[in-house]
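What's in model.txt: compact mmCIF, C-alpha atoms
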```txt
# COMPACT_ATOMS: atom_id res chain seq x y z
CA MET R 1 14.20 135.03 43.32
CA THR R 2 15.85 132.35 45.41
CA PRO R 3 19.16 133.16 47.06
CA ASP R 4 22.27 131.26 46.23
CA PRO R 5 22.33 128.00 48.24
CA TYR R 6 25.80 128.88 49.49
CA PHE R 7 24.56 132.23 50.78
CA PHE R 8 23.36 130.55 53.98
CA LEU R 9 26.85 129.25 54.56
CA VAL R 10 28.12 132.82 54.39
CA ILE R 11 25.55 133.86 57.00
CA PHE R 12 26.49 130.86 59.11
CA CYS R 13 30.18 131.77 58.97
CA GLY R 14 29.39 135.36 59.88
CA VAL R 15 27.35 134.33 62.91
CA ALA R 16 30.00 131.80 63.90
CA LEU R 17 32.57 134.59 63.86
CA VAL R 18 30.52 137.26 65.63
CA PHE R 19 29.08 134.99 68.30
CA PRO R 20 32.38 134.24 70.10
CA LEU R 21 33.98 137.59 69.28
CA MET R 22 31.20 139.74 70.73
CA PRO R 23 31.54 138.58 74.38
CA LEU R 24 35.31 138.94 74.09
CA ALA R 25 34.92 142.46 72.72
CA LEU R 26 32.42 143.32 75.46
CA ALA R 27 34.77 141.98 78.11
CA TRP R 28 37.61 144.01 76.63
CA LEU R 29 35.49 147.16 76.58
CA TRP R 30 34.37 146.52 80.15
CA ARG R 31 37.96 146.21 81.25
CA ARG R 32 38.89 149.33 79.32
CA PHE R 33 36.20 151.58 80.76
CA PHE R 34 35.18 150.17 84.13
CA GLN R 35 37.18 147.45 85.74
CA PRO R 36 40.97 147.73 85.77
CA PRO R 37 42.72 144.36 85.64
CA LYS R 38 44.61 143.46 88.80
CA PRO R 39 46.95 140.59 88.15
CA GLY R 40 49.23 139.37 90.92
CA PRO R 41 51.57 136.55 91.84
CA ALA R 42 48.85 134.45 93.47
CA LYS R 43 46.36 135.04 90.67
CA ASN R 44 48.88 134.14 88.02
CA ALA R 45 50.04 131.04 89.90
CA THR R 46 49.66 127.74 88.11
CA TYR R 47 47.96 125.86 90.90
CA GLU R 48 44.73 126.98 92.48
CA CYS R 49 44.30 124.77 95.51
CA GLY R 50 45.60 127.34 98.00
CA VAL R 51 48.84 125.51 98.65
CA GLU R 52 52.03 126.90 97.24
CA SER R 53 53.55 124.64 94.64
CA LEU R 54 56.97 123.17 95.39
CA GLY R 55 59.62 122.79 92.74
CA GLU R 56 59.16 122.63 89.01
CA ALA R 57 56.14 121.28 87.19
CA HIS R 58 58.45 119.49 84.74
CA VAL R 59 59.18 116.35 86.74
CA GLN R 60 60.51 113.19 85.08
CA PHE R 61 58.79 109.93 85.90
CA GLN R 62 60.71 106.69 85.50
CA SER R 63 58.96 104.55 82.95
CA HIS R 64 60.75 101.26 83.61
CA TYR R 65 58.11 100.40 86.18
CA TYR R 66 56.17 98.80 83.32
CA LEU R 67 58.36 95.71 83.72
CA TYR R 68 57.05 95.33 87.25
CA CYS R 69 53.50 95.47 85.89
CA VAL R 70 54.22 92.86 83.22
CA ILE R 71 55.64 90.50 85.82
CA PHE R 72 52.62 91.08 88.02
CA LEU R 73 50.30 90.21 85.13
CA ILE R 74 52.16 86.99 84.41
CA PHE R 75 51.90 85.83 88.01
CA ASP R 76 48.28 86.86 88.16
CA VAL R 77 47.57 84.53 85.26
CA GLU R 78 49.65 81.85 86.99
CA ALA R 79 47.33 82.08 90.01
CA ILE R 80 44.33 81.47 87.72
CA PHE R 81 46.02 78.30 86.45
CA LEU R 82 46.92 77.17 89.93
CA VAL R 83 43.39 77.34 91.38
CA PRO R 84 41.87 74.50 89.24
CA PHE R 85 45.08 72.57 89.75
CA ALA R 86 44.72 72.84 93.52
CA VAL R 87 40.99 71.95 93.40
CA ALA R 88 41.57 68.80 91.31
CA PHE R 89 44.86 67.91 92.99
CA THR R 90 43.82 64.58 94.56
CA ASP R 91 42.41 63.18 91.29
CA LEU R 92 45.39 64.18 89.13
CA PRO R 93 47.76 61.61 87.58
CA ILE R 94 51.47 61.99 88.19
CA GLY R 95 52.03 63.29 84.63
CA ALA R 96 49.76 66.29 85.18
CA PHE R 97 51.51 67.04 88.46
CA ILE R 98 54.92 67.07 86.73
CA ALA R 99 53.50 69.25 83.95
CA ILE R 100 52.29 71.92 86.36
CA LEU R 101 55.59 71.70 88.22
CA VAL R 102 57.48 72.42 84.99
CA PHE R 103 55.13 75.34 84.34
CA LEU R 104 55.81 76.69 87.83
CA LEU R 105 59.55 76.21 87.54
CA LEU R 106 59.60 78.08 84.22
CA LEU R 107 57.82 81.01 85.82
CA ILE R 108 60.01 80.95 88.92
CA GLU R 109 63.07 80.97 86.70
CA GLY R 110 61.64 84.03 84.99
CA LEU R 111 61.10 85.67 88.37
CA VAL R 112 64.68 84.96 89.41
CA TRP R 113 65.90 86.41 86.12
CA ALA R 114 63.80 89.56 86.58
CA TRP R 115 64.97 89.90 90.15
CA SER R 116 68.62 89.60 89.18
CA LYS R 117 68.03 92.18 86.46
CA GLY R 118 66.70 94.60 89.10
CA CYS R 119 63.19 94.83 87.65
CA LEU R 120 61.64 94.56 91.09
CA ASP R 121 63.29 97.72 92.42
CA TRP R 122 60.82 100.55 92.75
CA ALA R 123 63.22 103.26 91.64
CA ARG R 124 66.39 102.14 89.95
CA ALA R 125 69.59 103.97 90.77
CA ARG R 126 70.72 105.89 87.73
CA MET P 1 24.07 159.13 90.05
CA SER P 2 23.15 162.10 87.93
CA GLY P 3 22.04 160.05 84.93
CA GLN P 4 19.58 158.04 87.00
CA VAL P 5 15.97 157.93 85.83
CA ASP P 6 13.33 159.48 88.06
CA GLU P 7 11.56 156.77 90.07
CA GLY P 8 8.08 158.07 89.38
CA LEU P 9 8.69 158.30 85.66
CA ARG P 10 10.14 154.85 85.66
CA SER P 11 7.12 153.26 87.32
CA GLU P 12 4.83 155.17 84.96
CA LEU P 13 6.75 153.83 81.98
CA GLN P 14 6.71 150.35 83.45
CA LYS P 15 2.91 150.46 83.58
CA GLN P 16 2.99 151.17 79.87
CA GLY P 17 5.26 148.20 79.29
CA ILE P 18 8.53 150.08 78.91
CA TRP P 19 11.35 148.97 81.14
CA VAL P 20 14.01 151.59 81.72
CA THR P 21 17.35 150.64 83.22
CA SER P 22 20.97 151.71 83.37
CA THR P 23 24.19 149.83 82.75
CA GLN P 24 24.92 149.87 86.44
CA GLU P 25 21.55 148.38 87.36
CA LEU P 26 21.79 145.75 84.67
CA TYR P 27 25.31 144.87 85.75
CA ASN P 28 24.42 144.63 89.41
CA TRP P 29 21.23 142.71 88.66
CA GLY P 30 23.23 140.11 86.79
CA ARG P 31 25.93 139.98 89.43
CA ARG P 32 23.74 139.68 92.48
CA ASN P 33 21.65 136.91 90.98
CA SER P 34 24.52 134.69 89.97
CA ILE P 35 26.92 134.67 92.89
CA TRP P 36 29.19 131.65 92.59
CA PRO P 37 30.58 130.60 95.96
CA LEU P 38 33.92 128.89 96.36
CA GLN P 39 33.41 125.27 97.31
CA PHE P 40 35.22 124.63 100.53
CA GLY P 41 34.31 124.12 104.15
CA LEU P 42 36.46 124.26 107.23
CA ALA P 43 34.45 122.86 110.12
CA CYS P 44 30.92 122.17 111.32
CA CYS P 45 29.60 125.40 109.73
CA ALA P 46 30.32 123.75 106.40
CA ILE P 47 27.61 121.19 107.16
CA GLU P 48 25.12 124.02 107.51
CA MET P 49 26.46 125.51 104.29
CA ILE P 50 25.91 122.18 102.54
CA ALA P 51 22.39 122.05 103.95
CA THR P 52 21.81 125.56 102.63
CA ALA P 53 22.89 124.50 99.17
CA ALA P 54 20.79 121.33 99.25
CA SER P 55 17.13 120.99 98.40
CA ARG P 56 15.50 121.83 101.72
CA TYR P 57 16.90 125.38 101.99
CA ASP P 58 17.90 125.67 98.33
CA LEU P 59 20.44 128.44 97.83
CA ALA P 60 19.65 128.10 94.13
CA ARG P 61 16.59 130.29 94.66
CA PHE P 62 19.02 133.18 95.06
CA GLY P 63 21.28 132.17 92.22
CA GLY P 64 24.08 130.91 94.43
CA GLU P 65 23.97 127.18 93.81
CA VAL P 66 26.97 126.98 91.49
CA PHE P 67 29.67 126.11 94.02
CA ARG P 68 32.94 126.32 92.14
CA PRO P 69 35.86 124.05 92.97
CA SER P 70 38.30 126.63 91.57
CA PRO P 71 38.90 130.10 93.00
CA ARG P 72 39.33 131.38 89.46
CA GLN P 73 35.61 130.94 88.84
CA ALA P 74 34.27 132.03 92.22
CA ASP P 75 32.78 135.35 93.32
CA LEU P 76 32.09 134.56 96.94
CA MET P 77 34.15 132.95 99.65
CA ILE P 78 32.09 131.53 102.49
CA VAL P 79 34.55 131.06 105.34
CA ALA P 80 32.53 128.33 107.00
CA GLY P 81 34.20 127.25 110.19
CA THR P 82 37.21 127.48 112.44
CA VAL P 83 40.23 128.94 110.70
CA THR P 84 43.28 127.34 112.21
CA LYS P 85 46.61 129.07 111.91
CA LYS P 86 47.75 126.17 109.75
CA MET P 87 44.89 126.87 107.34
CA ALA P 88 44.93 130.68 107.31
CA PRO P 89 47.66 131.13 104.64
CA GLN P 90 45.79 128.82 102.31
CA ILE P 91 42.55 130.76 102.83
CA VAL P 92 44.28 134.04 102.07
CA ARG P 93 45.95 132.54 99.02
CA LEU P 94 42.64 131.20 97.75
CA TYR P 95 41.11 134.62 98.28
CA ASN P 96 43.98 136.18 96.35
CA GLN P 97 43.39 133.80 93.48
CA MET P 98 39.76 134.79 93.13
CA PRO P 99 39.12 137.37 90.41
CA ASP P 100 37.49 140.68 91.20
CA PRO P 101 34.77 141.43 92.17
CA LYS P 102 34.95 139.07 95.13
CA TYR P 103 33.12 138.92 98.42
CA VAL P 104 33.60 137.16 101.72
CA ILE P 105 30.98 135.87 104.13
CA SER P 106 32.43 135.13 107.53
CA MET P 107 30.17 132.33 108.75
CA GLY P 108 29.93 131.47 112.41
CA ALA P 109 31.59 132.56 115.60
CA CYS P 110 34.91 130.88 114.75
CA ALA P 111 35.39 132.64 111.43
CA ILE P 112 34.43 135.95 113.02
CA SER P 113 36.56 135.85 116.14
CA GLY P 114 37.79 132.36 116.89
CA GLY P 115 34.57 131.62 118.73
CA PRO P 116 34.75 128.99 121.46
CA PHE P 117 38.34 128.27 120.42
CA LYS P 118 39.46 131.89 120.75
CA GLN P 119 41.87 131.01 123.53
CA GLY P 120 43.27 128.09 121.55
CA TYR P 121 46.91 128.27 120.59
CA ASN P 122 46.28 127.31 116.99
CA VAL P 123 43.09 129.17 116.10
CA LEU P 124 43.04 132.38 114.12
CA LYS P 125 40.98 134.98 115.95
CA GLY P 126 38.90 135.97 112.96
CA ILE P 127 39.57 135.74 109.23
CA ASP P 128 39.05 139.52 108.96
CA ARG P 129 42.58 139.93 110.24
CA TYR P 130 43.86 139.08 106.77
CA ILE P 131 41.07 139.56 104.23
CA PRO P 132 38.20 142.06 104.05
CA VAL P 133 34.89 140.53 105.11
CA ASP P 134 31.59 141.76 103.69
CA VAL P 135 29.00 139.95 105.80
CA TYR P 136 29.38 138.39 109.24
CA ILE P 137 26.95 135.72 110.46
CA PRO P 138 26.96 135.06 114.19
CA GLY P 139 26.00 131.62 115.44
CA CYS P 140 27.61 128.38 116.41
CA PRO P 141 26.88 127.14 113.84
CA PRO P 142 24.44 129.55 112.18
CA ARG P 143 21.32 127.94 110.81
CA PRO P 144 20.91 127.72 107.03
CA GLU P 145 18.33 130.52 107.28
CA ALA P 146 21.06 132.74 108.70
CA LEU P 147 23.32 131.96 105.77
CA LEU P 148 20.45 132.73 103.41
CA HIS P 149 19.97 136.01 105.22
CA ALA P 150 23.67 136.78 104.84
CA PHE P 151 23.39 135.93 101.18
CA MET P 152 20.51 138.36 100.80
CA GLU P 153 22.47 141.03 102.66
CA LEU P 154 25.34 140.47 100.25
CA GLN P 155 22.97 140.79 97.32
CA ARG P 156 21.75 144.05 98.79
CA LYS P 157 25.33 145.23 99.09
CA ILE P 158 26.14 144.27 95.51
CA ASP P 159 23.00 146.03 94.33
CA GLY P 160 24.15 149.26 95.95
CA GLN P 161 27.62 149.28 94.42
CA LYS P 162 28.27 152.14 92.01
CA LEU P 163 30.04 151.78 88.69
CA THR P 164 31.32 155.33 88.41
CA GLY P 165 31.80 158.43 90.50
CA GLU P 166 33.54 159.10 93.77
CA SER P 167 31.76 156.35 95.73
CA LYS P 168 32.26 153.61 93.15
CA ALA P 169 32.92 150.06 94.26
CA PRO P 170 36.45 149.49 95.56
CA PHE P 171 37.23 146.70 93.08
CA LEU P 172 36.77 149.22 90.24
CA ASP P 173 39.46 151.44 91.69
CA ALA P 174 42.85 150.67 90.16
CA ASN P 175 44.61 151.68 93.38
CA GLN P 176 42.70 149.29 95.63
CA PRO P 177 44.58 146.02 96.11
CA SER P 178 43.07 142.76 94.95
CA GLU P 179 45.59 140.53 96.68
CA PHE P 180 46.56 140.67 100.32
CA PRO P 181 49.79 139.50 101.93
CA VAL P 182 49.76 135.82 102.78
CA PRO P 183 50.85 135.22 106.39
CA ALA P 184 53.76 132.89 106.98
CA PHE P 185 54.28 130.35 109.75
CA GLY P 186 56.36 131.99 112.47
CA ALA P 187 57.95 130.52 115.57
CA HIS P 188 54.88 131.11 117.77
CA ASP P 189 52.26 132.75 115.61
CA LEU P 190 51.52 133.69 112.06
CA GLU P 191 53.79 136.41 110.73
CA PRO P 192 52.38 139.04 110.68
CA PRO P 193 49.66 138.29 113.26
CA LEU P 194 47.30 140.66 111.45
CA ASN P 195 47.13 142.87 108.40
CA SER P 196 46.58 146.36 109.75
CA ASP P 197 45.41 147.62 106.34
CA VAL P 198 42.46 145.27 106.51
CA PHE P 199 41.78 144.68 110.17
CA HIS P 200 39.93 147.55 111.81
CA PRO P 201 38.45 146.26 115.05
CA PRO P 202 35.95 148.57 116.72
CA THR P 203 37.42 150.34 119.72
CA ILE P 204 35.28 150.00 122.83
CA LYS P 205 34.84 153.25 124.75
CA ARG P 206 33.69 153.00 128.31
```
Would you encode the structure as structure tokens?
Amino acid sequence: MTPDPYFFLVIFCGVALVFPLMPLALAWLWRRFFQPPKPGPAKNATYECGVESLGEAHVQFQSHYYLYCVIFLIFDVEAIFLVPFAVAFTDLPIGAFIAILVFLLLLIEGLVWAWSKGCLDWARAR
Amino acid sequence: MSGQVDEGLRSELQKQGIWVTSTQELYNWGRRNSIWPLQFGLACCAIEMIATAASRYDLARFGGEVFRPSPRQADLMIVAGTVTKKMAPQIVRLYNQMPDPKYVISMGACAISGGPFKQGYNVLKGIDRYIPVDVYIPGCPPRPEALLHAFMELQRKIDGQKLTGESKAPFLDANQPSEFPVPAFGAHDLEPPLNSDVFHPPTIKR
């Protein structure tokens, strides 16, 4: 007679339960009969690098620094545009020169705006 | 131990293919062959320790290759090098954070007594002033073979530790401390300069 096909799942579940529980039970028994637990302030400390931790672990980070990163990205891209412009500078017509100047001025205006908004300060006063 | 099997009977049984053991032997066999050292070095002795762990000397032959970066997973602290007074509290704290059973190898002249820097203003004159040391290795620095020898001595010590009875291992005794006071930085020296519960220097009689 063939066993029910789901019977193997039952065995599987049983093994899956016993396999992690057995070491835990053995450890508990070992503690109970042989080795008394010895917790202490250093053992229960959060950090384990040997240095005592200062202050609370719940520190707030200011997230407005992302504006700084966005501005950096924009000017990084600007540099990529400026390199071919500088290489081909002598062959450029006057129209292209004015176009890149407008592009630069737009970005510089943005920088001035960000500066006046205080986006370039590392940590803003609250 | 009273429940121990007679040696002659045991070897007879072993010839017949029956291996007799006790919980204590099994426990110590497992422990001594998988000593996990704490991964940190203090000075030039650490270079020798690294060489011991690397392929030429191969600490893995003795089951000690798993250097743990966390004291919570370590069994053995190899104090490899000069312990400055700035560093001593951290060493003691790391030792405190290791779970029992834990062992200490004091490697090299500096870790034993301060070594060539004994007269220095900022050198601790031996880590055994604050934590109990199991094996001392003299040398400046000791060769990797010496560290291997110390490792084997430690294995021998672990093998001899009893699980029950009057002479059972100290870490199994609920009254024995597992953490030791961490020294603080004083005006001129560490406060206290030594832990008298731990530090028992031999008295020289002339």
What's the 10 Å shell around Leu120 (chain R), counting all atoms listed in the file, without same-chain residues fewer than 2 positions away, as a compact mmCIF listing (two decimals) with C-alpha atoms, keeping the file's coordinate frame?
```
# COMPACT_ATOMS: atom_id res chain seq x y z
CA TYR R 65 58.11 100.40 86.18
CA LEU R 67 58.36 95.71 83.72
CA TYR R 68 57.05 95.33 87.25
CA CYS R 69 53.50 95.47 85.89
CA ILE R 71 55.64 90.50 85.82
CA LEU R 111 61.10 85.67 88.37
CA ALA R 114 63.80 89.56 86.58
CA TRP R 115 64.97 89.90 90.15
CA SER R 116 68.62 89.60 89.18
CA LYS R 117 68.03 92.18 86.46
CA GLY R 118 66.70 94.60 89.10
CA TRP R 122 60.82 100.55 92.75
CA ALA R 123 63.22 103.26 91.64
CA ARG R 124 66.39 102.14 89.95
```
Give me, as a ChimeraX atom specification, all polymer residues having an atom no more than 12 Å from Leu94 (chain P), counting all atoms listed in the file and skipping those fewer than 5 positions away in the same chain. /R:41-45,47-52 /P:38-40,69-79,87-89,99,102,104,131,178-182
One decimal, in Å: what's the spacing between CA of Phe151 (chain P) and CA of Thr52 (chain P)? 10.6 Å
Tell me as a count of residues only which residues belonging to chain P come within 6 Å of chain R, counting all atoms listed in the file. 7
Edge lengths and centre in Å to one decimal, as AutoDock Vina command-line options, of the axis-aligned box that encloses all listed atoms of region 135-141 of chain P with 6 Å added on every side?
```
--center_x 27.7 --center_y 133.5 --center_z 111.1 --size_x 15.4 --size_y 24.8 --size_z 22.6
```
So how many Å separate CA of Asp6 (chain P) and CA of Ser22 (chain P), to one decimal?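 Interatomic distance, CA of Asp6 (chain P) to CA of Ser22 (chain P): 11.9 Å.
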For the atom pair CA of Ile94 (chain R) and CA of Val77 (chain R), what is the interatomic distance in Å to one decimal place?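 Rounded to one decimal, the two atoms are 23.1 Å apart.
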Could you name the residues that touch region 140-149 of chain P at 8 Å or less, counting all atoms listed in the file, but leaving out those on the same chain fewer than 6 positions away, as a PyMOL selection string? chain P and resi 44-45+48-49+51-52+57+59+107-110
Any chance you could export the current selection's C-alpha atoms as an mmCIF file, in the frame of the given file?
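That gives us selection_17.cif:
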```
data_model
loop_
_atom_site.group_PDB
_atom_site.id
_atom_site.type_symbol
_atom_site.label_atom_id
_atom_site.label_comp_id
_atom_site.auth_asym_id
_atom_site.auth_seq_id
_atom_site.Cartn_x
_atom_site.Cartn_y
_atom_site.Cartn_z
ATOM 1 C CA CYS P 44 30.920 122.170 111.320
ATOM 2 C CA CYS P 45 29.600 125.400 109.730
ATOM 3 C CA GLU P 48 25.120 124.020 107.510
ATOM 4 C CA MET P 49 26.460 125.510 104.290
ATOM 5 C CA ALA P 51 22.390 122.050 103.950
ATOM 6 C CA THR P 52 21.810 125.560 102.630
ATOM 7 C CA TYR P 57 16.900 125.380 101.990
ATOM 8 C CA LEU P 59 20.440 128.440 97.830
ATOM 9 C CA MET P 107 30.170 132.330 108.750
ATOM 10 C CA GLY P 108 29.930 131.470 112.410
ATOM 11 C CA ALA P 109 31.590 132.560 115.600
ATOM 12 C CA CYS P 110 34.910 130.880 114.750
#
```
For a quick check of understanding, using all atoms listed in the file, which of P:Arg56, P:Arg129, P:Lys162, P:Arg156 has the smallest distance to Ser196 (chain P)?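 Of P:Arg56, P:Arg129, P:Lys162, P:Arg156, the one nearest Ser196 (chain P) is P:Arg129, counting all atoms listed in the file.
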